[in-house]
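Asker: Structure provided below as structure tokens; questions to follow.
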Number of protein chains: 2
Amino acid sequence: MSIQTRRQNASVGVMPLIALDRKSKLPLHKQIYEGLRTAIVSRALDPGQRVPSSRDLAAELRVSRIPVLNAYAQLLVEGYLEARTGSGTFVSAELPDAIALTNLRPQSDAHPILSGARRIAERTRLLPAREPVPWLHGWGAFGLHQPALEQFPHTIWSSLVARHCRNPHVARIHHIDPLGSMRFREAVCNYLRASRGVRCDAHQIMIVSGSQQALDITTRVLLNAGDPIWMEEPGYRLARSAFLSAGCRLVPVPVDASGMDVAAGIRICRNARAAHVTPSHQFPLGVTMSASRRMQLLQWAHKYGAWILEDDYDSEYRHEGMPIASLQGLDPHARVIYVGTFSKVLFPSLRVGYIVIPPDLVDAFTAGRLAMDIVPPYLHQEALADFIVEGHFARHIRKMRTLYRERRDVLLHCMESTLHPTLEISGSETGMHFAAFLPEGYDDRQIAIRAAEVGLWLWPLSPSYANTQARHGFILGYGSTPAKTMPRAVQQLCALLEANKSKPRGRPSHSATV
Amino acid sequence: MSIQTRRQNASVGVMPLIALDRKSKLPLHKQIYEGLRTAIVSRALDPGQRVPSSRDLAAELRVSRIPVLNAYAQLLVEGYLEARTGSGTFVSAELPDAIALTNLRPQSDAHPILSGARRIAERTRLLPAREPVPWLHGWGAFGLHQPALEQFPHTIWSSLVARHCRNPHVARIHHIDPLGSMRFREAVCNYLRASRGVRCDAHQIMIVSGSQQALDITTRVLLNAGDPIWMEEPGYRLARSAFLSAGCRLVPVPVDASGMDVAAGIRICRNARAAHVTPSHQFPLGVTMSASRRMQLLQWAHKYGAWILEDDYDSEYRHEGMPIASLQGLDPHARVIYVGTFSKVLFPSLRVGYIVIPPDLVDAFTAGRLAMDIVPPYLHQEALADFIVEGHFARHIRKMRTLYRERRDVLLHCMESTLHPTLEISGSETGMHFAAFLPEGYDDRQIAIRAAEVGLWLWPLSPSYANTQARHGFILGYGSTPAKTMPRAVQQLCALLEANKSKPRGRPSHSATV
């Protein structure tokens, strides 16, 4: 049936069924609009069909003409109706034929009809699904990456935030530098030069939302899909996700007591385009990369034109010896992209970190960042710049270093007296966590799930391995556990290990944990 | 020369040159450590060479033994030195031979040596470089996407921010839901259902940093490299960047007075995997997509298994007719990913936006988001949830709608009386900007550069076209220009056009503007 025929056949007198609710908060004109639109879209009214005059519809609905005229005007603007001079108002003849659109009320609770191909990107399929594992959610004993929030100077911090919130500078609120606020970048730059031995100036610094965004931007700007990248084995699972999501090929390179085994990396895949390392405090084993390995790595990168992603996620808290200078500061060839975060010193949900970019790559990173999220938010940058410049940051780090060292010492002492030799400790010199290996016969994930039932948050070690020779153990955080509650937590851990000793280990599990 | 020979030859008595500065803030042990490390890395001391005893070095430097012992201890830990029982301390024999590391002082200002291949990703090369164009940076008359900041309730806002900053809940500060705070998502959901006709529940909402991150996440989660995507022509340049950076193939589809020409899209590339549209207020032309086109688009997406990215960037401010219901609310098959932002209602540097995800894709988006930046920052979410729930948001929108309509009316009136018919206006029904076409013979970029010299921020239209049939004109913002200063700004614009009338247009420019 052609539109022409249908138009002639269309009964002019038929009123669409519009149910008005005079008690509804929705104004009458909107109810009429919704009713007509639904009638049109659901084909209760055909394309080309004439609709009643506004006078007739108003009479039928027992309302004044005003809301009807408003509804018609809106439907004309949106193209559901069309006016023909001298002959009235019609359902638009151009609406597609045989359209299968139903359930059109905007606030309907009807489930959508998920028919047809629902394809997603191949790279998304490679990412681990998010498992609802308990250790990611609990707060307290052994929770990973949990700073001592109760010690944070919230009053000072909130007064700095309020300062910039109450009196916003248009210039700052409107700034659109994809690298971030220059004032804040200068503060970060001075801190990194003085405390981390990073060679940089403020123009090389990009403010991001944390280490993860730093890795994501770096990978996307520098690496093509299919490019091989060295990953520490064991290593940081979410870093793996960043590289997978850019389509990179992961090359696990073993970590020993001196850090990533660079010679092994060269044997396995000398032409990798990049290496991701945590040289100050390897995640999860906690070892420090030796000077020899650092130089080997820099030499390899220079020779093969590869990039090094130095992920310096928690080196502020060094408990033994001096802070270890960054790999970036050792590199004369600007092969290192240095990545850090404020998550550990302030708190994770702040979402502020930084990238130190080799000077010749700043333009490429800027273009990449614009495509991803344009600029970082302004408020935290301004408050954090003050927090650093006014000395609160350095004071807080000093205070926390003492506190975390105490918590670490108590934890180590308790573990040695009750758990030795069940758990073998690795990498306790730095940070807010260390690794503890289990002997054969224990399943770390199983124990972690039981531990959550008694309020202990054990991060299992085995999922940190990409290949099948996973060692079982835990990554134990001590940042959020006061020293006086530590002995009890260790006793609980001890009891758990005792209770789960004889369990058969079963197949090591490598499924997703985040 | 083997390490063994060299070790025997190494003169035990030779002291490395370490310049101590007793007035420096750097402690002595750190100066000694730096001096030795530099000597080792720069090969002033050879691998395997014996270093002086701590006693000798202390005597030589005229310091006590303590700082020397500290420095040695650190260099031992880091692997630059090794101790051999009974024979003293040596430069590590394992340091790589012939390493070309120079300029190693961390705080040196020396430029890095950028030798070797410095490859970046292919996708990065496709992105437009950031040009220092003036219209991106100025604040005031005709500036695009500039809300009336002086009208924003900063006092209320900062008290809400302070409320969550002073009294942080561990549960919220620690929340790690990659989709964002549930309390905030519920507030957004209720707003979208009531005001935008979006069909959703809070579980489908992901909080992001704005429209750009929304497009970036959506593209990466759903589309493979090489997938064709329909783009409005003319369209939003940064959206193009998001798709390019995911490796997608851009398919420009013309926009007419009814929005994207869907039939043309089908003719050009029916198998596109997605379409990006701004149906409420097309950017930059300002037109509203007609009902017929909306249905055609939904029908195409359903038939071909394509996704629709509905970018609803500024539909809060509708000046004529009722707000137009979202495309998402019309779609029974959950083919639409709906994207919005708080940048226009609050301010751009807040960096808060949202995605409404089809229910079956929530897990894939969650996995993608974890790989990109884990979670959104917490503070603004909590403050904005209160801002919405306590009614400030709706009140501010109502107030601004009146204000912007007044500014728009004054601007249109001034333009009609002085610039008609030089500028042809398009899409003034909604938002905080409209488009104005220039007749032949004008070059919009040239004029925009001159305009900046007199403090007018004209966003040229021609760079919004991806192909060569660019029309010249301006995208004129009126959000940040008070009504009383509008006449003068229009007079200035008028004078500029007069002065640049006879200029030859030259080749239309398509180079990057952001």
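Residue numbering restarts at 1 for every chain of the structure tokens, chains are lettered A, B, ... in their displayed order, and ligands are numbered from 1 as they appear.
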Would you please give, as a count of residues only, all residues of segment 104-311 of chain B that DSSP assigns to strand (DSSP E or B) based on the backbone?

Answerer: 30

Asker: Could you go through segment 344-401 of chain A and tell me which residues DSSP, when run on the backbone, assigns to helix (DSSP H, G or I), listing them as a ChimeraX atom specification?

Answerer: /A:348-350,359-372,379-389,392-401

Asker: Keeping only N, CA, C and O atoms, take the residues you just selected and write them out as a short mmCIF file (atom, residue, chain, number, x, y, z; two decimals), in the first residue's frame.

Answerer:
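In the end it all went to part.cif:
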```cif
data_model
loop_
_atom_site.label_atom_id
_atom_site.label_comp_id
_atom_site.auth_asym_id
_atom_site.auth_seq_id
_atom_site.Cartn_x
_atom_site.Cartn_y
_atom_site.Cartn_z
N PRO A 348 43.58 6.77 47.55
CA PRO A 348 43.38 6.32 46.17
C PRO A 348 42.24 7.03 45.44
O PRO A 348 42.37 7.32 44.26
N SER A 349 41.14 7.33 46.14
CA SER A 349 40.00 7.88 45.40
C SER A 349 40.18 9.35 45.05
O SER A 349 39.32 9.95 44.41
N LEU A 350 41.33 9.93 45.46
CA LEU A 350 41.68 11.27 44.99
C LEU A 350 41.86 11.28 43.48
O LEU A 350 41.48 12.22 42.79
N PRO A 359 61.23 14.72 26.52
CA PRO A 359 60.85 16.01 25.93
C PRO A 359 60.36 15.92 24.48
O PRO A 359 59.44 16.64 24.10
N ASP A 360 60.94 15.03 23.69
CA ASP A 360 60.53 14.97 22.29
C ASP A 360 59.17 14.31 22.09
O ASP A 360 58.64 14.33 20.98
N LEU A 361 58.60 13.70 23.15
CA LEU A 361 57.32 13.01 23.01
C LEU A 361 56.15 13.80 23.58
O LEU A 361 55.01 13.34 23.54
N VAL A 362 56.44 14.99 24.13
CA VAL A 362 55.38 15.74 24.80
C VAL A 362 54.22 16.05 23.85
O VAL A 362 53.05 15.92 24.22
N ASP A 363 54.53 16.42 22.61
CA ASP A 363 53.45 16.75 21.67
C ASP A 363 52.57 15.55 21.36
O ASP A 363 51.35 15.66 21.27
N ALA A 364 53.20 14.39 21.20
CA ALA A 364 52.43 13.18 20.90
C ALA A 364 51.52 12.82 22.09
O ALA A 364 50.36 12.46 21.91
N PHE A 365 52.06 12.92 23.30
CA PHE A 365 51.24 12.64 24.49
C PHE A 365 50.08 13.64 24.61
O PHE A 365 48.98 13.29 25.00
N THR A 366 50.36 14.89 24.26
CA THR A 366 49.31 15.91 24.34
C THR A 366 48.17 15.59 23.37
O THR A 366 46.99 15.65 23.74
N ALA A 367 48.52 15.22 22.15
CA ALA A 367 47.49 14.88 21.17
C ALA A 367 46.70 13.66 21.63
O ALA A 367 45.47 13.61 21.51
N GLY A 368 47.39 12.68 22.20
CA GLY A 368 46.71 11.48 22.69
C GLY A 368 45.77 11.79 23.83
O GLY A 368 44.64 11.30 23.89
N ARG A 369 46.20 12.66 24.73
CA ARG A 369 45.41 12.99 25.89
C ARG A 369 44.13 13.75 25.51
O ARG A 369 43.04 13.48 26.04
N LEU A 370 44.26 14.67 24.54
CA LEU A 370 43.09 15.40 24.07
C LEU A 370 42.02 14.45 23.55
O LEU A 370 40.84 14.65 23.77
N ALA A 371 42.46 13.40 22.87
CA ALA A 371 41.51 12.44 22.33
C ALA A 371 40.88 11.59 23.42
O ALA A 371 39.81 11.03 23.22
N MET A 372 41.53 11.48 24.56
CA MET A 372 41.05 10.58 25.61
C MET A 372 40.15 11.24 26.63
O MET A 372 39.08 10.75 26.94
N LEU A 379 40.21 21.20 40.38
CA LEU A 379 40.18 21.51 41.82
C LEU A 379 41.30 20.83 42.60
O LEU A 379 42.04 21.47 43.36
N HIS A 380 41.46 19.53 42.43
CA HIS A 380 42.48 18.82 43.19
C HIS A 380 43.89 19.25 42.83
O HIS A 380 44.79 19.21 43.66
N GLN A 381 44.08 19.65 41.58
CA GLN A 381 45.40 20.12 41.19
C GLN A 381 45.79 21.37 41.97
O GLN A 381 46.92 21.49 42.46
N GLU A 382 44.85 22.29 42.07
CA GLU A 382 45.16 23.55 42.76
C GLU A 382 45.38 23.30 44.24
O GLU A 382 46.33 23.83 44.84
N ALA A 383 44.51 22.49 44.84
CA ALA A 383 44.64 22.22 46.28
C ALA A 383 45.95 21.47 46.55
O ALA A 383 46.66 21.75 47.52
N LEU A 384 46.29 20.53 45.69
CA LEU A 384 47.49 19.73 45.90
C LEU A 384 48.75 20.57 45.67
O LEU A 384 49.77 20.36 46.35
N ALA A 385 48.69 21.51 44.75
CA ALA A 385 49.83 22.41 44.56
C ALA A 385 50.11 23.16 45.86
O ALA A 385 51.25 23.21 46.33
N ASP A 386 49.06 23.70 46.48
CA ASP A 386 49.24 24.38 47.77
C ASP A 386 49.75 23.40 48.83
O ASP A 386 50.62 23.75 49.64
N PHE A 387 49.20 22.22 48.84
CA PHE A 387 49.56 21.21 49.84
C PHE A 387 51.06 20.91 49.76
O PHE A 387 51.74 20.76 50.78
N ILE A 388 51.60 20.87 48.56
CA ILE A 388 53.04 20.62 48.39
C ILE A 388 53.83 21.87 48.73
O ILE A 388 54.76 21.84 49.54
N VAL A 389 53.46 23.00 48.11
CA VAL A 389 54.24 24.23 48.25
C VAL A 389 54.27 24.70 49.71
O VAL A 389 55.29 25.19 50.19
N HIS A 392 52.93 20.83 53.60
CA HIS A 392 52.12 19.79 54.24
C HIS A 392 52.44 18.40 53.70
O HIS A 392 52.41 17.40 54.41
N PHE A 393 52.76 18.37 52.43
CA PHE A 393 53.02 17.09 51.77
C PHE A 393 54.27 16.43 52.37
O PHE A 393 54.23 15.28 52.80
N ALA A 394 55.38 17.18 52.41
CA ALA A 394 56.63 16.62 52.95
C ALA A 394 56.44 16.23 54.41
O ALA A 394 56.92 15.17 54.84
N ARG A 395 55.70 17.04 55.17
CA ARG A 395 55.47 16.74 56.58
C ARG A 395 54.67 15.45 56.73
O ARG A 395 54.97 14.61 57.56
N HIS A 396 53.66 15.31 55.90
CA HIS A 396 52.81 14.11 55.97
C HIS A 396 53.62 12.86 55.60
O HIS A 396 53.52 11.82 56.26
N ILE A 397 54.45 12.97 54.58
CA ILE A 397 55.29 11.82 54.20
C ILE A 397 56.21 11.43 55.36
O ILE A 397 56.33 10.26 55.70
N ARG A 398 56.85 12.42 55.98
CA ARG A 398 57.76 12.10 57.09
C ARG A 398 57.02 11.39 58.22
O ARG A 398 57.47 10.38 58.75
N LYS A 399 55.84 11.93 58.54
CA LYS A 399 55.06 11.35 59.63
C LYS A 399 54.63 9.91 59.27
O LYS A 399 54.73 9.00 60.10
N MET A 400 54.19 9.72 58.06
CA MET A 400 53.71 8.41 57.63
C MET A 400 54.85 7.41 57.53
O MET A 400 54.67 6.22 57.77
N ARG A 401 56.04 7.90 57.17
CA ARG A 401 57.17 6.98 57.05
C ARG A 401 57.45 6.34 58.41
O ARG A 401 57.65 5.13 58.51
#
```

Asker: Do you know which residues are at most 10 Å from segment 155-172 of chain A counting only C-alpha atoms, after dropping those on the same chain fewer than 2 positions away, and could you put them as a ChimeraX atom specification?

Answerer: /A:152-153,174-177,181,346,378-387,392 /B:137-139,149-150,153-167,349

Asker: Do a neighbour search on Leu327 of chain A at 8 Å with only C-alpha atoms, toss out local chain neighbours closer than 6 positions, and write the hits as a PDB file with all heavy atoms, in the first residue's frame.

Answerer:
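The file below, selection29.pdb, is the result:
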```pdb
ATOM      1  N   PRO A 279      60.927  -0.726  39.434  1.00  0.00           N
ATOM      2  CA  PRO A 279      62.277  -0.971  39.943  1.00  0.00           C
ATOM      3  C   PRO A 279      62.477  -0.604  41.409  1.00  0.00           C
ATOM      4  O   PRO A 279      63.316  -1.218  42.069  1.00  0.00           O
ATOM      5  CB  PRO A 279      63.172  -0.117  39.033  1.00  0.00           C
ATOM      6  CG  PRO A 279      62.282   0.862  38.377  1.00  0.00           C
ATOM      7  CD  PRO A 279      60.918   0.287  38.362  1.00  0.00           C
ATOM      8  N   ARG A 294      69.525  -2.342  36.131  1.00  0.00           N
ATOM      9  CA  ARG A 294      69.054  -1.053  35.623  1.00  0.00           C
ATOM     10  C   ARG A 294      69.834  -0.654  34.380  1.00  0.00           C
ATOM     11  O   ARG A 294      69.280  -0.218  33.375  1.00  0.00           O
ATOM     12  CB  ARG A 294      69.210   0.037  36.693  1.00  0.00           C
ATOM     13  CG  ARG A 294      68.160  -0.056  37.765  1.00  0.00           C
ATOM     14  CD  ARG A 294      68.464   0.820  38.968  1.00  0.00           C
ATOM     15  NE  ARG A 294      67.579   0.420  40.033  1.00  0.00           N
ATOM     16  CZ  ARG A 294      66.586   1.177  40.536  1.00  0.00           C
ATOM     17  NH1 ARG A 294      66.437   2.409  40.123  1.00  0.00           N
ATOM     18  NH2 ARG A 294      65.786   0.706  41.458  1.00  0.00           N
ATOM     19  N   GLU A 310      58.608   3.143  33.659  1.00  0.00           N
ATOM     20  CA  GLU A 310      59.002   3.000  35.062  1.00  0.00           C
ATOM     21  C   GLU A 310      57.823   3.377  35.947  1.00  0.00           C
ATOM     22  O   GLU A 310      57.424   4.541  35.998  1.00  0.00           O
ATOM     23  CB  GLU A 310      60.208   3.896  35.387  1.00  0.00           C
ATOM     24  CG  GLU A 310      60.600   3.793  36.861  1.00  0.00           C
ATOM     25  CD  GLU A 310      61.838   4.597  37.231  1.00  0.00           C
ATOM     26  OE1 GLU A 310      62.219   5.517  36.486  1.00  0.00           O
ATOM     27  OE2 GLU A 310      62.440   4.278  38.286  1.00  0.00           O
ATOM     28  N   VAL A 336      63.020   6.509  29.116  1.00  0.00           N
ATOM     29  CA  VAL A 336      62.160   6.122  30.234  1.00  0.00           C
ATOM     30  C   VAL A 336      60.957   7.057  30.330  1.00  0.00           C
ATOM     31  O   VAL A 336      61.116   8.282  30.304  1.00  0.00           O
ATOM     32  CB  VAL A 336      62.937   6.163  31.570  1.00  0.00           C
ATOM     33  CG1 VAL A 336      62.009   5.837  32.744  1.00  0.00           C
ATOM     34  CG2 VAL A 336      64.111   5.188  31.534  1.00  0.00           C
TER      35      VAL A 336
END
```

Asker: Residues at most 12 Å from segment 405-419 of chain B, counting only C-alpha atoms, excluding those fewer than 4 positions away in the same chain, as a ChimeraX atom specification?

Answerer: /B:141-142,147-148,317-320,397-401,423-439,476-498

Asker: Show which residues sit within 10 Å of segment 254-259 of chain A, as a ChimeraX atom specification. Count only C-alpha atoms, and ignore same-chain residues fewer than 5 positions away.

Answerer: /A:230-235,264-265,277-283,285-294,426-427,465 /B:78-79

Asker: Kindly export the residues of the current selection with N, CA and C atoms, as a PDB file, in the first residue's frame.

Answerer:
```
ATOM      1  N   TRP A 230      57.555  -6.304  27.407  1.00  0.00           N
ATOM      2  CA  TRP A 230      58.011  -7.080  28.566  1.00  0.00           C
ATOM      3  C   TRP A 230      57.183  -6.697  29.789  1.00  0.00           C
ATOM      4  N   MET A 231      56.734  -7.718  30.476  1.00  0.00           N
ATOM      5  CA  MET A 231      55.996  -7.531  31.729  1.00  0.00           C
ATOM      6  C   MET A 231      56.732  -8.287  32.814  1.00  0.00           C
ATOM      7  N   GLU A 232      56.816  -7.728  34.000  1.00  0.00           N
ATOM      8  CA  GLU A 232      57.392  -8.472  35.106  1.00  0.00           C
ATOM      9  C   GLU A 232      56.519  -9.695  35.417  1.00  0.00           C
ATOM     10  N   GLU A 233      57.185 -10.829  35.713  1.00  0.00           N
ATOM     11  CA  GLU A 233      56.485 -12.066  36.058  1.00  0.00           C
ATOM     12  C   GLU A 233      57.003 -12.578  37.388  1.00  0.00           C
ATOM     13  N   PRO A 234      56.253 -12.504  38.482  1.00  0.00           N
ATOM     14  CA  PRO A 234      54.892 -11.971  38.579  1.00  0.00           C
ATOM     15  C   PRO A 234      54.866 -10.456  38.459  1.00  0.00           C
ATOM     16  N   GLY A 235      53.672  -9.929  38.193  1.00  0.00           N
ATOM     17  CA  GLY A 235      53.558  -8.491  37.979  1.00  0.00           C
ATOM     18  C   GLY A 235      52.185  -7.956  38.339  1.00  0.00           C
ATOM     19  N   ALA A 264      67.198 -12.579  30.466  1.00  0.00           N
ATOM     20  CA  ALA A 264      66.127 -13.501  30.075  1.00  0.00           C
ATOM     21  C   ALA A 264      65.181 -12.822  29.099  1.00  0.00           C
ATOM     22  N   GLY A 265      64.853 -11.571  29.364  1.00  0.00           N
ATOM     23  CA  GLY A 265      63.988 -10.822  28.459  1.00  0.00           C
ATOM     24  C   GLY A 265      64.567 -10.767  27.058  1.00  0.00           C
ATOM     25  N   VAL A 277      58.307  -1.857  34.206  1.00  0.00           N
ATOM     26  CA  VAL A 277      59.033  -2.284  35.404  1.00  0.00           C
ATOM     27  C   VAL A 277      58.645  -1.438  36.605  1.00  0.00           C
ATOM     28  N   THR A 278      58.793  -2.054  37.794  1.00  0.00           N
ATOM     29  CA  THR A 278      58.574  -1.366  39.069  1.00  0.00           C
ATOM     30  C   THR A 278      59.887  -1.476  39.850  1.00  0.00           C
ATOM     31  N   PRO A 279      60.927  -0.726  39.434  1.00  0.00           N
ATOM     32  CA  PRO A 279      62.277  -0.971  39.943  1.00  0.00           C
ATOM     33  C   PRO A 279      62.477  -0.604  41.409  1.00  0.00           C
ATOM     34  N   SER A 280      61.743   0.340  41.936  1.00  0.00           N
ATOM     35  CA  SER A 280      61.971   0.743  43.319  1.00  0.00           C
ATOM     36  C   SER A 280      61.430  -0.282  44.311  1.00  0.00           C
ATOM     37  N   HIS A 281      60.326  -0.906  43.970  1.00  0.00           N
ATOM     38  CA  HIS A 281      59.658  -1.839  44.885  1.00  0.00           C
ATOM     39  C   HIS A 281      58.771  -2.713  44.012  1.00  0.00           C
ATOM     40  N   GLN A 282      59.391  -3.769  43.514  1.00  0.00           N
ATOM     41  CA  GLN A 282      58.701  -4.577  42.507  1.00  0.00           C
ATOM     42  C   GLN A 282      57.338  -5.042  43.017  1.00  0.00           C
ATOM     43  N   PHE A 283      56.325  -4.902  42.152  1.00  0.00           N
ATOM     44  CA  PHE A 283      55.020  -5.405  42.535  1.00  0.00           C
ATOM     45  C   PHE A 283      54.810  -6.757  41.880  1.00  0.00           C
ATOM     46  N   LEU A 285      56.547  -8.659  44.413  1.00  0.00           N
ATOM     47  CA  LEU A 285      57.551  -9.317  45.263  1.00  0.00           C
ATOM     48  C   LEU A 285      58.333  -8.343  46.144  1.00  0.00           C
ATOM     49  N   GLY A 286      58.309  -7.063  45.810  1.00  0.00           N
ATOM     50  CA  GLY A 286      58.914  -6.071  46.690  1.00  0.00           C
ATOM     51  C   GLY A 286      60.409  -5.889  46.524  1.00  0.00           C
ATOM     52  N   VAL A 287      61.052  -6.616  45.606  1.00  0.00           N
ATOM     53  CA  VAL A 287      62.500  -6.486  45.459  1.00  0.00           C
ATOM     54  C   VAL A 287      62.850  -5.173  44.763  1.00  0.00           C
ATOM     55  N   THR A 288      64.112  -4.729  44.981  1.00  0.00           N
ATOM     56  CA  THR A 288      64.617  -3.526  44.336  1.00  0.00           C
ATOM     57  C   THR A 288      65.480  -3.949  43.156  1.00  0.00           C
ATOM     58  N   MET A 289      65.298  -3.317  42.017  1.00  0.00           N
ATOM     59  CA  MET A 289      66.111  -3.668  40.858  1.00  0.00           C
ATOM     60  C   MET A 289      67.546  -3.208  41.097  1.00  0.00           C
ATOM     61  N   SER A 290      68.495  -4.100  40.866  1.00  0.00           N
ATOM     62  CA  SER A 290      69.901  -3.782  41.127  1.00  0.00           C
ATOM     63  C   SER A 290      70.440  -2.797  40.089  1.00  0.00           C
ATOM     64  N   ALA A 291      71.532  -2.161  40.445  1.00  0.00           N
ATOM     65  CA  ALA A 291      72.158  -1.194  39.533  1.00  0.00           C
ATOM     66  C   ALA A 291      72.535  -1.859  38.217  1.00  0.00           C
ATOM     67  N   SER A 292      73.032  -3.073  38.319  1.00  0.00           N
ATOM     68  CA  SER A 292      73.460  -3.785  37.119  1.00  0.00           C
ATOM     69  C   SER A 292      72.281  -4.016  36.177  1.00  0.00           C
ATOM     70  N   ARG A 293      71.178  -4.481  36.736  1.00  0.00           N
ATOM     71  CA  ARG A 293      69.982  -4.723  35.925  1.00  0.00           C
ATOM     72  C   ARG A 293      69.451  -3.419  35.334  1.00  0.00           C
ATOM     73  N   ARG A 294      69.525  -2.342  36.131  1.00  0.00           N
ATOM     74  CA  ARG A 294      69.054  -1.053  35.623  1.00  0.00           C
ATOM     75  C   ARG A 294      69.834  -0.654  34.380  1.00  0.00           C
ATOM     76  N   SER A 426      59.124 -11.424  51.518  1.00  0.00           N
ATOM     77  CA  SER A 426      59.908 -10.829  50.423  1.00  0.00           C
ATOM     78  C   SER A 426      59.574  -9.353  50.279  1.00  0.00           C
ATOM     79  N   GLY A 427      60.607  -8.523  50.238  1.00  0.00           N
ATOM     80  CA  GLY A 427      60.421  -7.129  49.836  1.00  0.00           C
ATOM     81  C   GLY A 427      59.786  -6.225  50.867  1.00  0.00           C
ATOM     82  N   TYR A 465      50.751 -13.936  38.596  1.00  0.00           N
ATOM     83  CA  TYR A 465      51.555 -14.624  37.577  1.00  0.00           C
ATOM     84  C   TYR A 465      50.728 -14.781  36.303  1.00  0.00           C
TER      85      TYR A 465
ATOM     86  N   GLU B  78      71.971  -1.216  46.475  1.00  0.00           N
ATOM     87  CA  GLU B  78      71.522  -0.982  45.102  1.00  0.00           C
ATOM     88  C   GLU B  78      72.350  -1.758  44.090  1.00  0.00           C
ATOM     89  N   GLY B  79      73.457  -2.356  44.547  1.00  0.00           N
ATOM     90  CA  GLY B  79      74.232  -3.208  43.645  1.00  0.00           C
ATOM     91  C   GLY B  79      75.325  -2.493  42.877  1.00  0.00           C
TER      92      GLY B  79
END
```

Asker: Taking only C-alpha atoms into account, which of A:Ala242, A:Val221, A:Val198, A:Val133 comes nearest Ala325 of chain A?

Answerer: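 Closest residue, counting only C-alpha atoms: A:Val198.
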